[in-house]
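Below: final08.cif (mmCIF, C-alpha atoms)
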```cif
data_upload
loop_
_atom_site.label_atom_id
_atom_site.label_comp_id
_atom_site.auth_asym_id
_atom_site.auth_seq_id
_atom_site.Cartn_x
_atom_site.Cartn_y
_atom_site.Cartn_z
CA MET A 1 17.80 -16.17 18.86
CA ALA A 2 15.34 -18.32 20.81
CA THR A 3 13.73 -21.20 18.94
CA SER A 4 10.23 -19.88 19.71
CA LYS A 5 11.07 -16.50 18.16
CA ILE A 6 12.48 -18.12 15.01
CA PHE A 7 9.34 -20.24 14.76
CA LYS A 8 7.13 -17.14 15.10
CA ILE A 9 8.96 -15.30 12.30
CA TRP A 10 8.71 -18.22 9.93
CA PHE A 11 5.09 -18.90 10.84
CA VAL A 12 4.04 -15.32 10.06
CA LEU A 13 6.09 -15.30 6.86
CA LEU A 14 4.45 -18.56 5.83
CA LEU A 15 1.00 -17.04 6.39
CA VAL A 16 1.92 -13.98 4.34
CA VAL A 17 3.38 -16.07 1.52
CA LEU A 18 0.40 -18.41 1.48
CA MET A 19 -1.99 -15.46 1.42
CA ASN A 20 -0.19 -13.98 -1.58
CA LEU A 21 0.10 -17.33 -3.35
CA ILE A 22 -3.55 -18.25 -2.87
CA SER A 23 -5.16 -14.87 -3.59
CA PRO A 24 -4.55 -14.79 -7.37
CA PHE A 25 -6.38 -18.10 -7.78
CA LEU A 26 -9.46 -17.08 -5.79
CA VAL A 27 -10.64 -14.75 -8.56
CA VAL A 28 -8.81 -15.95 -11.64
CA VAL A 29 -10.12 -13.20 -13.96
CA LYS A 30 -8.13 -10.58 -12.06
CA GLY A 31 -4.83 -12.23 -12.93
CA GLU A 32 -1.72 -12.63 -10.87
CA GLN A 33 -1.24 -10.37 -7.85
CA GLN A 34 1.50 -8.01 -8.97
CA VAL A 35 2.70 -6.73 -5.60
CA PRO A 36 2.56 -8.24 -2.10
CA CYS A 37 0.73 -5.27 -0.60
CA LEU A 38 -1.07 -2.01 -1.34
CA PHE A 39 -1.24 0.89 1.09
CA ILE A 40 -3.67 3.75 0.52
CA MET A 41 -3.70 7.26 1.97
CA GLY A 42 -6.07 9.99 0.96
CA ASP A 43 -9.44 11.66 1.33
CA SER A 44 -13.02 10.76 0.43
CA LEU A 45 -12.03 9.70 -3.10
CA PHE A 46 -10.25 6.69 -1.53
CA ASP A 47 -12.03 6.33 1.86
CA ASN A 48 -13.71 2.92 2.27
CA GLY A 49 -15.01 3.14 5.82
CA ASN A 50 -12.53 4.87 8.10
CA ASN A 51 -14.96 7.71 8.85
CA ASN A 52 -17.92 5.47 9.67
CA ASN A 53 -17.49 5.62 13.44
CA LEU A 54 -16.10 9.14 13.66
CA LEU A 55 -18.11 12.09 14.95
CA THR A 56 -18.32 13.83 11.59
CA ALA A 57 -20.70 14.88 8.87
CA ALA A 58 -18.16 13.59 6.32
CA LYS A 59 -19.32 10.00 6.13
CA ALA A 60 -21.04 7.84 3.54
CA ASN A 61 -22.22 4.72 5.38
CA TYR A 62 -25.87 5.30 4.55
CA PRO A 63 -28.05 4.93 1.45
CA PRO A 64 -28.05 5.85 -1.35
CA TYR A 65 -24.24 5.58 -1.12
CA GLY A 66 -23.20 2.09 -2.19
CA ILE A 67 -26.38 1.49 -4.18
CA ASP A 68 -24.32 -0.40 -6.79
CA PHE A 69 -21.75 -1.88 -4.39
CA PRO A 70 -22.25 -5.57 -3.47
CA ASP A 71 -22.13 -4.82 0.28
CA GLY A 72 -24.29 -1.69 0.09
CA PRO A 73 -23.24 1.45 1.99
CA THR A 74 -19.74 0.83 3.37
CA GLY A 75 -18.37 4.34 3.72
CA ARG A 76 -17.35 4.79 0.08
CA PHE A 77 -18.36 8.21 -1.23
CA THR A 78 -19.83 6.94 -4.48
CA ASN A 79 -22.50 4.62 -5.86
CA GLY A 80 -20.13 1.65 -6.29
CA LYS A 81 -16.38 1.15 -6.26
CA ASN A 82 -13.90 3.96 -5.79
CA THR A 83 -10.58 4.43 -7.57
CA ALA A 84 -8.61 2.58 -4.87
CA ASP A 85 -10.93 -0.44 -5.26
CA PHE A 86 -10.36 -0.57 -9.01
CA LEU A 87 -6.61 -0.24 -8.57
CA ALA A 88 -6.62 -3.15 -6.14
CA GLU A 89 -8.46 -5.20 -8.78
CA ILE A 90 -6.08 -4.19 -11.56
CA LEU A 91 -3.10 -5.09 -9.37
CA GLY A 92 -4.57 -8.56 -8.94
CA PHE A 93 -5.84 -8.46 -5.35
CA ASP A 94 -8.72 -10.87 -4.86
CA ARG A 95 -10.53 -8.54 -2.46
CA TYR A 96 -10.41 -4.91 -1.51
CA ILE A 97 -7.88 -3.48 0.91
CA GLU A 98 -9.26 -3.27 4.45
CA PRO A 99 -9.69 0.11 6.16
CA PHE A 100 -7.41 0.85 9.09
CA ALA A 101 -10.51 1.07 11.29
CA THR A 102 -11.20 -2.67 10.93
CA VAL A 103 -8.03 -4.42 9.69
CA LYS A 104 -6.64 -7.12 11.98
CA GLY A 105 -3.72 -9.52 12.25
CA VAL A 106 -1.94 -10.84 9.18
CA GLU A 107 -4.50 -9.13 6.91
CA MET A 108 -2.42 -5.95 7.27
CA PHE A 109 0.36 -7.65 5.27
CA ARG A 110 -1.88 -7.27 2.18
CA GLY A 111 -2.00 -3.53 2.85
CA VAL A 112 -4.22 -1.04 4.66
CA ASN A 113 -6.48 1.79 3.53
CA TYR A 114 -6.02 4.86 5.78
CA ALA A 115 -8.03 7.33 3.67
CA SER A 116 -10.52 9.62 5.37
CA GLY A 117 -13.24 11.86 3.99
CA ALA A 118 -12.61 15.62 4.51
CA ALA A 119 -8.94 14.96 5.36
CA GLY A 120 -6.18 17.19 4.10
CA ILE A 121 -2.48 17.87 4.01
CA ARG A 122 -3.09 20.56 6.62
CA ASP A 123 -4.39 19.30 9.95
CA GLU A 124 -7.19 21.86 10.18
CA SER A 125 -8.71 21.17 6.77
CA GLY A 126 -12.29 19.90 7.08
CA ILE A 127 -12.55 20.57 10.82
CA HIS A 128 -15.90 22.36 10.43
CA LEU A 129 -17.40 18.99 9.41
CA GLY A 130 -16.14 17.23 12.52
CA ASP A 131 -13.48 14.59 13.03
CA ARG A 132 -11.36 13.40 10.10
CA ILE A 133 -8.02 11.69 9.79
CA SER A 134 -5.54 14.18 8.33
CA LEU A 135 -2.50 12.99 6.39
CA ASN A 136 -0.34 13.49 9.48
CA ARG A 137 -2.67 11.21 11.45
CA GLN A 138 -2.73 8.68 8.60
CA LEU A 139 1.06 8.59 8.73
CA ARG A 140 0.89 7.96 12.47
CA ASN A 141 -1.63 5.17 11.86
CA HIS A 142 0.79 3.65 9.35
CA LYS A 143 3.48 3.66 12.04
CA VAL A 144 1.07 1.69 14.23
CA THR A 145 0.60 -0.83 11.40
CA ILE A 146 4.37 -1.13 10.91
CA SER A 147 4.81 -1.71 14.63
CA HIS A 148 2.23 -4.53 14.56
CA MET A 149 3.90 -6.07 11.50
CA SER A 150 7.31 -5.90 13.16
CA THR A 151 5.91 -7.54 16.27
CA LEU A 152 4.42 -10.38 14.21
CA LEU A 153 7.64 -10.83 12.25
CA GLY A 154 9.87 -10.15 15.24
CA ASN A 155 12.18 -8.22 12.96
CA LYS A 156 12.06 -4.51 11.98
CA THR A 157 14.56 -4.91 9.12
CA LEU A 158 12.49 -7.69 7.56
CA THR A 159 9.37 -5.51 7.84
CA LYS A 160 11.06 -2.59 6.06
CA GLU A 161 12.27 -4.88 3.31
CA TYR A 162 8.73 -6.19 2.85
CA LEU A 163 7.27 -2.65 2.71
CA SER A 164 9.80 -1.66 0.04
CA LYS A 165 8.07 -4.08 -2.35
CA CYS A 166 4.59 -2.66 -1.77
CA ILE A 167 2.83 0.03 -3.76
CA TYR A 168 1.53 3.10 -1.96
CA ILE A 169 -1.10 5.39 -3.43
CA VAL A 170 -1.55 8.83 -1.90
CA GLY A 171 -4.23 11.31 -2.90
CA MET A 172 -4.37 14.54 -0.90
CA GLY A 173 -4.95 18.25 -1.40
CA ASN A 174 -8.59 18.48 -2.48
CA ASN A 175 -9.85 19.35 1.00
CA ASP A 176 -7.09 21.88 1.55
CA TYR A 177 -9.02 23.88 -1.02
CA ILE A 178 -12.66 22.73 -0.83
CA ASN A 179 -12.76 22.56 2.96
CA ASN A 180 -10.18 25.19 3.80
CA TYR A 181 -8.93 27.82 1.33
CA LEU A 182 -12.32 28.18 -0.40
CA MET A 183 -14.19 28.59 2.88
CA PRO A 184 -13.11 31.98 4.25
CA GLN A 185 -16.04 31.92 6.69
CA PHE A 186 -14.38 29.01 8.55
CA TYR A 187 -10.67 29.21 7.74
CA PRO A 188 -8.19 32.14 7.66
CA SER A 189 -5.92 30.68 4.94
CA SER A 190 -7.33 32.73 2.03
CA HIS A 191 -7.02 35.91 4.13
CA LEU A 192 -3.43 35.11 5.04
CA TYR A 193 -2.09 33.85 1.71
CA LYS A 194 -2.43 34.66 -1.98
CA PRO A 195 -3.05 31.55 -4.14
CA GLU A 196 0.62 31.19 -5.16
CA LYS A 197 1.89 31.45 -1.58
CA TYR A 198 -0.70 28.98 -0.30
CA ALA A 199 0.17 26.49 -3.05
CA LYS A 200 3.87 26.81 -2.18
CA LEU A 201 3.26 26.22 1.53
CA LEU A 202 1.00 23.28 0.74
CA ILE A 203 3.49 21.53 -1.55
CA GLN A 204 6.29 22.08 0.98
CA GLN A 205 4.27 20.39 3.72
CA TYR A 206 3.19 17.60 1.35
CA SER A 207 6.79 16.94 0.36
CA LYS A 208 7.81 16.63 4.02
CA GLN A 209 4.97 14.17 4.64
CA LEU A 210 5.95 12.05 1.65
CA LYS A 211 9.54 12.02 2.91
CA SER A 212 8.22 10.72 6.23
CA LEU A 213 6.44 7.95 4.34
CA TYR A 214 9.76 7.11 2.67
CA ARG A 215 11.49 6.96 6.07
CA TYR A 216 8.87 4.46 7.23
CA GLY A 217 9.84 2.13 4.37
CA ALA A 218 7.80 3.18 1.32
CA ARG A 219 9.74 3.07 -1.95
CA LYS A 220 7.07 2.85 -4.67
CA VAL A 221 4.58 5.68 -4.32
CA ALA A 222 1.91 6.94 -6.74
CA VAL A 223 0.89 10.48 -5.82
CA PHE A 224 -2.51 11.46 -7.21
CA GLY A 225 -2.92 15.13 -7.99
CA VAL A 226 -5.95 17.34 -7.48
CA GLY A 227 -8.68 17.64 -10.10
CA SER A 228 -10.43 20.65 -11.61
CA LEU A 229 -12.22 21.57 -8.39
CA GLY A 230 -13.91 24.55 -10.00
CA CYS A 231 -15.99 22.15 -12.09
CA ILE A 232 -17.55 20.09 -9.31
CA PRO A 233 -21.30 20.73 -8.77
CA ALA A 234 -20.99 21.93 -5.16
CA GLU A 235 -18.52 24.68 -6.08
CA VAL A 236 -20.44 25.68 -9.21
CA GLU A 237 -23.61 26.05 -7.17
CA LEU A 238 -21.85 27.99 -4.43
CA TYR A 239 -19.91 30.44 -6.59
CA GLY A 240 -21.66 30.50 -9.96
CA THR A 241 -19.76 30.46 -13.24
CA LYS A 242 -20.92 33.56 -15.17
CA ASP A 243 -20.29 32.67 -18.82
CA SER A 244 -17.98 29.73 -18.12
CA ILE A 245 -18.73 26.06 -17.50
CA CYS A 246 -16.61 26.00 -14.34
CA VAL A 247 -15.52 28.44 -11.64
CA ASP A 248 -12.38 29.70 -13.36
CA SER A 249 -10.98 31.47 -10.29
CA ILE A 250 -10.99 28.20 -8.35
CA ASN A 251 -9.34 26.25 -11.15
CA SER A 252 -6.71 28.98 -11.47
CA ALA A 253 -5.87 28.83 -7.75
CA VAL A 254 -5.76 25.02 -7.68
CA GLN A 255 -3.62 24.90 -10.82
CA LYS A 256 -0.86 26.77 -8.99
CA PHE A 257 -0.72 23.80 -6.61
CA ALA A 258 -0.99 21.22 -9.39
CA ASP A 259 1.93 22.81 -11.26
CA LYS A 260 4.21 22.03 -8.34
CA PHE A 261 3.67 18.25 -8.33
CA LYS A 262 6.18 17.31 -11.06
CA PRO A 263 9.04 19.35 -9.53
CA MET A 264 8.22 17.75 -6.16
CA ILE A 265 8.36 14.27 -7.71
CA ASP A 266 11.71 15.07 -9.34
CA ASP A 267 13.09 16.30 -6.02
CA LEU A 268 11.94 13.21 -4.14
CA ASN A 269 13.38 10.82 -6.72
CA SER A 270 16.68 12.71 -6.92
CA ASN A 271 17.30 12.95 -3.20
CA LEU A 272 15.86 9.73 -1.77
CA PRO A 273 17.90 6.59 -2.63
CA ASP A 274 15.94 3.76 -4.29
CA ALA A 275 12.76 5.89 -4.35
CA SER A 276 10.21 5.66 -7.16
CA PHE A 277 7.63 8.41 -6.76
CA ILE A 278 5.24 9.03 -9.64
CA TYR A 279 2.57 11.66 -10.27
CA ILE A 280 -0.91 10.78 -11.50
CA ASN A 281 -2.47 13.79 -13.24
CA GLN A 282 -6.21 13.58 -12.62
CA THR A 283 -6.87 16.70 -14.70
CA SER A 284 -5.27 15.04 -17.71
CA ILE A 285 -7.23 11.84 -17.11
CA ALA A 286 -10.49 13.82 -17.07
CA ILE A 287 -9.73 15.14 -20.58
CA GLY A 288 -11.42 13.36 -23.43
CA ASP A 289 -14.83 12.63 -24.83
CA PRO A 290 -17.08 11.59 -21.90
CA SER A 291 -19.74 10.30 -24.30
CA ALA A 292 -17.25 7.67 -25.48
CA ILE A 293 -17.72 5.93 -22.12
CA GLY A 294 -21.44 6.66 -21.94
CA LEU A 295 -21.30 9.79 -19.80
CA THR A 296 -23.81 12.36 -21.02
CA SER A 297 -24.78 14.13 -17.79
CA LEU A 298 -21.62 15.98 -16.77
CA ALA A 299 -22.77 18.60 -14.28
CA GLU A 300 -25.76 17.31 -12.33
CA PRO A 301 -25.35 15.10 -9.25
CA CYS A 302 -27.07 11.73 -9.47
CA CYS A 303 -28.26 11.56 -5.86
CA GLU A 304 -30.58 13.84 -3.93
CA ILE A 305 -28.36 16.43 -2.22
CA SER A 306 -28.40 17.19 1.51
CA SER A 307 -29.12 20.75 2.61
CA PHE A 308 -27.54 20.33 6.06
CA ILE A 309 -23.95 20.81 7.27
CA ALA A 310 -22.56 18.33 4.73
CA LYS A 311 -24.23 20.17 1.88
CA GLY A 312 -23.15 18.59 -1.36
CA GLN A 313 -23.30 15.03 -0.05
CA CYS A 314 -26.23 12.69 -0.65
CA SER A 315 -29.23 13.11 1.60
CA ASN A 316 -29.51 10.22 4.07
CA GLY A 317 -32.07 7.82 2.59
CA GLY A 318 -32.63 10.14 -0.37
CA GLY A 319 -33.25 9.12 -3.93
CA ALA A 320 -30.82 8.50 -6.75
CA CYS A 321 -31.09 8.72 -10.50
CA SER A 322 -31.78 5.52 -12.42
CA ASP A 323 -29.34 6.33 -15.25
CA ARG A 324 -26.25 6.24 -13.07
CA ALA A 325 -24.09 4.95 -15.92
CA SER A 326 -24.61 8.25 -17.76
CA HIS A 327 -23.72 10.55 -14.82
CA TYR A 328 -20.22 11.82 -14.14
CA PHE A 329 -21.01 13.07 -10.64
CA TRP A 330 -22.61 10.95 -7.92
CA ASP A 331 -23.06 13.77 -5.39
CA GLY A 332 -21.90 17.38 -5.29
CA PHE A 333 -18.24 16.40 -4.87
CA HIS A 334 -17.57 12.85 -5.96
CA PRO A 335 -17.67 10.95 -9.25
CA THR A 336 -19.75 7.88 -9.98
CA GLU A 337 -18.18 4.46 -10.38
CA ILE A 338 -17.47 4.85 -14.11
CA PRO A 339 -15.07 7.85 -13.83
CA ASN A 340 -13.43 6.07 -10.88
CA LYS A 341 -12.79 3.06 -13.10
CA VAL A 342 -11.36 5.21 -15.90
CA CYS A 343 -9.10 7.02 -13.42
CA ALA A 344 -7.72 3.74 -12.10
CA GLU A 345 -7.20 2.27 -15.58
CA ARG A 346 -5.35 5.33 -16.88
CA ALA A 347 -3.32 5.67 -13.68
CA TYR A 348 -2.20 2.08 -14.23
CA THR A 349 -1.74 2.35 -18.02
CA ALA A 350 -1.42 5.95 -19.16
CA LEU A 351 -3.43 6.79 -22.26
CA LEU A 352 -1.81 10.20 -22.72
CA PRO A 353 1.78 11.20 -21.93
CA THR A 354 0.34 13.75 -19.48
CA ASP A 355 -1.60 11.12 -17.46
CA ALA A 356 1.41 10.01 -15.40
CA TYR A 357 4.94 11.23 -14.70
CA PRO A 358 7.61 9.97 -15.10
CA PHE A 359 5.74 6.71 -15.74
CA ASP A 360 2.51 4.98 -14.77
CA ILE A 361 1.59 2.48 -12.05
CA SER A 362 2.13 -0.54 -14.33
CA HIS A 363 5.84 0.35 -14.45
CA LEU A 364 5.85 0.89 -10.70
CA ALA A 365 4.35 -2.59 -10.26
CA GLY A 366 6.88 -3.99 -12.74
CA SER A 367 9.78 -2.67 -10.70
CA ALA A 368 8.20 -4.16 -7.59
CA LEU A 369 7.95 -7.56 -9.29
CA ASN A 370 11.60 -7.35 -10.34
CA LYS A 371 12.66 -6.56 -6.78
CA LEU A 372 10.54 -9.42 -5.49
CA ALA A 373 12.17 -11.84 -7.94
CA GLN A 374 15.67 -10.63 -7.12
CA SER A 375 15.10 -11.06 -3.39
CA GLY A 376 13.65 -14.53 -3.87
CA ALA A 377 10.66 -13.60 -1.70
#
```

For this file, write the structure as structure tokens.
Amino acid sequence: MATSKIFKIWFVLLLVVLMNLISPFLVVVKGEQQVPCLFIMGDSLFDNGNNNNLLTAAKANYPPYGIDFPDGPTGRFTNGKNTADFLAEILGFDRYIEPFATVKGVEMFRGVNYASGAAGIRDESGIHLGDRISLNRQLRNHKVTISHMSTLLGNKTLTKEYLSKCIYIVGMGNNDYINNYLMPQFYPSSHLYKPEKYAKLLIQQYSKQLKSLYRYGARKVAVFGVGSLGCIPAEVELYGTKDSICVDSINSAVQKFADKFKPMIDDLNSNLPDASFIYINQTSIAIGDPSAIGLTSLAEPCCEISSFIAKGQCSNGGGACSDRASHYFWDGFHPTEIPNKVCAERAYTALLPTDAYPFDISHLAGSALNKLAQSGA
């Protein structure tokens, strides 16, 4: 191997090591960085700016989004931090993971956020809103990242070994219902498939996509499930609830998909060597006494809602409630910062046995630390 190539490999590795050594000390209160990198795939619950420059109605880079975030509106679909931000903090990262749209150079060794509002497991989900980066496209973007990392390191094997120590969080499926199956005026899926058949097709495609992620080098993956979509304000307003609090027919259809997550996780872990896939049950995490964390307004959005194509999102430049700490929902679809924080905390350290399966993210991070120690990296 040429001397210049050896020098390049060691120079990049030195930058990566220095970045990971220095970062825990920059914000001491967040503790030691537990994993070298965090990669994020998902929809608007995790998106932190990837949709900003897309031709789409599914974007949040305008006020009042970000009203409580230090940098203002950044593309996060909430008033402050999203769940991915809080997880990065809990895992000890000194700053949030950069979106794929803006990440450059060695920064990608800390991880990349690929999440995109309105994106789904199925490529067509959310298309009526405009452009969005489906899970298949996010996987392709990750391949681009891996290629850049391999170029910088000059070694594909070394890159794969590095990725095996990272944590991946993936949260998909919401838009395959909200912006697909539940919109028969735009999508044929509900005409073609009964809820059980659609859920089966969806989990089969999702499993294939997660296996692709494994082939690219991922070994420690937290898969976030779908929530009780029949309880979100936009769906309640659209369908009505009769005598119930939520739209029971929606929750029933979505539950058929949710029930298939644990068997999928078992299959992935059984058939993929050295894989650690876990399931984060967002429905379980939502159970509890909301008033215990100060949430008293559980059904009304906090921000003024748009009446245009992205109905359910905040109106551009519209108002927002002053008691944001008491609201569960920020807009018609997304939670405020407080539920996002609770979700991240219970995904990391499960409060109930049903929060995570077969274990939580803290154990996933622990196994990553053990592998890091054994490799001497």

Closest pair table for region 51-119 of chain A residues within 6 Å of region 344-365 of chain A, all atoms listed in the file, as a Markdown table:
```
| residue | atom | partner | partner_atom | distance |
| --- | --- | --- | --- | --- |
| A:Thr83 | CA | A:Ala344 | CA | 5.4 |
| A:Phe86 | CA | A:Ala344 | CA | 5.9 |
| A:Leu87 | CA | A:Ala344 | CA | 5.4 |
```

Might you pull out every residue within 9 Å of region 210-216 of chain A, with only C-alpha atoms counted and same-chain residues fewer than 3 positions away left off, and present them as a ChimeraX atom specification? /A:139,142-143,146,160,163,170,205-207,219-221,268,272,275

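Interatomic distance, CA of Ile245 (chain A) against CA of Lys194 (chain A): 24.1 Å.
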
Give me, as a CSV table (one decimal) with C-alpha atoms, keeping the file's coordinate frame, all polymer residues having an atom no more than 6 Å from His327 (chain A), counting all atoms listed in the file and skipping those fewer than 2 positions away in the same chain.
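The file below, out_29.csv, is the result:
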```
chain,number,residue,atom,x,y,z
A,295,LEU,CA,-21.3,9.8,-19.8
A,297,SER,CA,-24.8,14.1,-17.8
A,324,ARG,CA,-26.2,6.2,-13.1
A,325,ALA,CA,-24.1,5.0,-15.9
A,329,PHE,CA,-21.0,13.1,-10.6
```

Any chance you could resolve the PyMOL selection byres ((chain A and resi 253-260) around 12) against this file and give the residues as a VMD selection string? chain A and resid 172 to 178 181 to 182 190 193 to 207 223 to 231 247 to 252 261 to 267 279 to 284
